[in-house]
Amino acid sequence: MNTIDPRIHQALDGELSPDALPPELQRAIRQVAAAADLLAAPVRGVSVELRVMAEIHRPAPTWARRVARWIVTPHALTFRFRPAWSLAFAAAVAVLTVFAARGGEPQLAEHEGIAQFVGRFPDARSVHVVGSFNDWRAGSIALEDQDHDGVWRATVVLPAGTYEYMFVVDGERWVPDHLADRLVADEFGRENSVVIVRPARR
Amino acid sequence: MRLGLAVVLLAGPLAAQSVQGRLAGRIPSEAVPTVDSLVQVARREALPTEPLVQKALEGGAKQVPGPRIVAAVQVSLSQLRDARDLLLRAGDRPRPQPGEVTTVAWALRRGLPAPVVERVVAALPQPPRAAAMHAVADLVAHRFDPDSAADLIIAAVQDGLQGERLLDVSTAALHEVQRGHTRGDAIAIVRMQLPAVPVAPRPTRSAVARARRPGPPAPP
């Protein structure tokens, strides 16, 4: 920060004649004096009284205009918060986000996995998968052909393990899964397909 | 002591009732007593009983006549006995675990020669051995030499792989065949990769989202 030469103060206070000062200080004193004159001069133009009266007589702005002006005017917002509450709020938001992301999905237990069954049955009206995972009960796991291309699919949550199964087409026709890698004789003159369900959480 | 005795005395009849309850209405009624008696025999011999119940239920679902269901359950009981005897020969003493008996019965049904199964059992003294058996059986089902297939899986175990990771070994060998290698070369390639065979992909999020649990059976 520049300091003002004390001789300038003395000259402005009348304690020292400006003529006794060096030329650069004389120039500075003249600039200061001109600035002081400018501040002391009355403001030109409309007087304060007229400006106040004009403001009083101006019609009140509409509600919409006030809202618009409030929206576009910068405002200083002050938040006062306790860090403990903020952390709790953040944790709650995180938990809700996770649950929302998982909404509708089955929660897999540690020893559960996913089995996907796919079969091509172009003329079928219904296809079910029946096996040792559902006590060979027909009707509990239906395959779907949502795009009507003859390919029937089901994705099922099962406990991890090895299972034998067959497809039941139209409720009466037992068909092995020709896409399965594993087949085993069923002791009834046909072959069962075999699926190994691996735990999804590995 | 009295409570323990009561549990022992009640457990047999209760289990018998539960088996008959599961079979009732699911298989021809004349077959229920015979199948139930076969299940009781298996229980007395400390063999797993669930495979027998499942075989009977399967026959009923497929609308097989009662005598054929009984015959199939008898075959299953015989397979379980063979599996238990094999495990005893291989060193599973004093009594093989029911789950291991089921595993070995599976392996024999899938066409693995008994000596190969014995080798795998002896190489894996600690159960469970299901994944190892299926890995060997998968290879044999794809016309790999049974002894070479067993060698590969035993080598994988010795390299630290266990459980379902052994299925990745057989899958890797099958992939090498699909790439055009002979079966012998495929086994050699995978053996050199051990234990770093690729891991089977986990179910995708979309598959998990689509998955549903089996619902109740449709009314008859």
# chains A, B, ... in the order shown; residues from 1 in each chain; ligands from 1
>>> interface_residues(of="chain B", to="chain A", cutoff="8 Å", atoms="only C-alpha atoms", output="ChimeraX atom specification")
/B:54,57-59,61-62,64,68,72,75,109-110,138,141,164,202-203,207-218
>>> select_by_dssp(residues="range 8-200 of chain A", states="helix (DSSP H, G or I)", output="NGL selection string")
:A and (8-12 or 18-20 or 23-40 or 48-57 or 63-72 or 83-102 or 132-134)
>>> select_by_dssp(residues="range 20-183 of chain A", states="strand (DSSP E)", output="JSON, numbers by chain")
{"A": [112, 113, 114, 115, 116, 117, 118, 119, 120, 127, 128, 129, 130, 131, 151, 152, 153, 154, 155, 156, 157, 158, 159, 161, 162, 163, 164, 165, 166, 167, 168, 169, 173, 174, 175, 182, 183]}
>>> atom_distance(atom1="CA of Val19 in chain B", atom2="CA of Thr102 in chain B")
18.4 Å
>>> residues_around(residues="Pro48 in chain B", least_positions_apart="2", cutoff="8 Å", atoms="only C-alpha atoms", output="PDB file with C-alpha atoms, in the first residue's frame")
ATOM      1  CA  ALA B  42     -32.673 -96.496   2.156  1.00  0.00           C
ATOM      2  CA  ARG B  43     -33.097 -94.603   5.408  1.00  0.00           C
ATOM      3  CA  ALA B  46     -28.121 -94.359   5.842  1.00  0.00           C
ATOM      4  CA  GLU B  50     -34.693 -87.695  -1.564  1.00  0.00           C
ATOM      5  CA  PRO B  51     -33.506 -89.113  -4.923  1.00  0.00           C
ATOM      6  CA  LEU B  80     -27.198 -95.307  -4.441  1.00  0.00           C
ATOM      7  CA  PRO B  98     -25.572 -88.690   1.890  1.00  0.00           C
ATOM      8  CA  GLY B  99     -24.741 -85.755  -0.365  1.00  0.00           C
ATOM      9  CA  VAL B 101     -23.510 -90.696  -2.257  1.00  0.00           C
ATOM     10  CA  THR B 102     -25.935 -88.691  -4.412  1.00  0.00           C
TER      11      THR B 102
END
>>> residues_around(residues="range 29-43 of chain A", least_positions_apart="2", cutoff="9 Å", atoms="only C-alpha atoms", output="list in words")
Ile8, Ala11, Leu12, Pro18, Glu24, Leu25, Gln26, Arg27, Gly45, Val46 and Ser47 of chain A
>>> closest_residue(among="B:Ala155, B:Val73, B:Leu124, B:Val177", to="Arg143 in chain B", atoms="only C-alpha atoms")
B:Val177
>>> atom_distance(atom1="CA of Leu174 in chain B", atom2="CA of Ala83 in chain B")
27.3 Å
>>> residues_around(residues="range 31-41 of chain B", least_positions_apart="2", cutoff="9 Å", atoms="only C-alpha atoms", output="PyMOL selection string")
chain B and resi 12+15-16+19-20+23-24+27-29+43-50+52-53+56+65-67+69-70+73-74+77
>>> atom_distance(atom1="CA of Ala109 in chain A", atom2="CA of Thr204 in chain B")
15.9 Å
>>> residues_around(residues="range 130-134 of chain B", least_positions_apart="4", cutoff="8 Å", atoms="only C-alpha atoms", output="compact mmCIF listing (two decimals) with N, CA and C atoms, in the first residue's frame")
# COMPACT_ATOMS: atom_id res chain seq x y z
N GLU B 100 -22.65 -86.90 -0.74
CA GLU B 100 -21.59 -87.48 -1.58
C GLU B 100 -22.08 -88.73 -2.29
N THR B 103 -23.95 -87.53 -5.19
CA THR B 103 -23.03 -87.03 -6.21
C THR B 103 -22.43 -88.17 -7.03
N VAL B 104 -21.98 -89.20 -6.35
CA VAL B 104 -21.35 -90.32 -7.07
C VAL B 104 -22.39 -91.07 -7.90
N ALA B 107 -22.74 -89.18 -10.99
CA ALA B 107 -21.60 -89.37 -11.90
C ALA B 107 -21.71 -90.70 -12.64
N VAL B 117 -14.30 -92.53 -11.31
CA VAL B 117 -14.96 -91.89 -10.16
C VAL B 117 -14.14 -92.14 -8.89
N VAL B 120 -11.18 -89.84 -8.75
CA VAL B 120 -11.53 -88.45 -8.38
C VAL B 120 -11.83 -88.37 -6.89
N ASP B 138 -18.83 -83.77 -17.65
CA ASP B 138 -19.07 -82.88 -18.80
C ASP B 138 -18.08 -83.19 -19.92
N ILE B 153 -8.91 -82.49 -14.14
CA ILE B 153 -9.62 -81.93 -13.00
C ILE B 153 -8.82 -82.13 -11.71
N GLN B 162 -11.20 -75.11 -6.63
CA GLN B 162 -12.16 -75.96 -5.93
C GLN B 162 -13.57 -75.47 -6.22
N GLY B 163 -14.54 -76.28 -5.80
CA GLY B 163 -15.95 -75.91 -5.98
C GLY B 163 -16.30 -75.68 -7.43
N GLU B 164 -17.18 -74.69 -7.64
CA GLU B 164 -17.68 -74.44 -8.99
C GLU B 164 -16.59 -74.00 -9.96
N ARG B 165 -15.46 -73.55 -9.44
CA ARG B 165 -14.36 -73.15 -10.35
C ARG B 165 -13.90 -74.34 -11.20
N LEU B 166 -14.11 -75.56 -10.70
CA LEU B 166 -13.70 -76.73 -11.48
C LEU B 166 -14.56 -76.86 -12.74
N LEU B 167 -15.79 -76.37 -12.67
CA LEU B 167 -16.63 -76.38 -13.88
C LEU B 167 -16.05 -75.44 -14.94
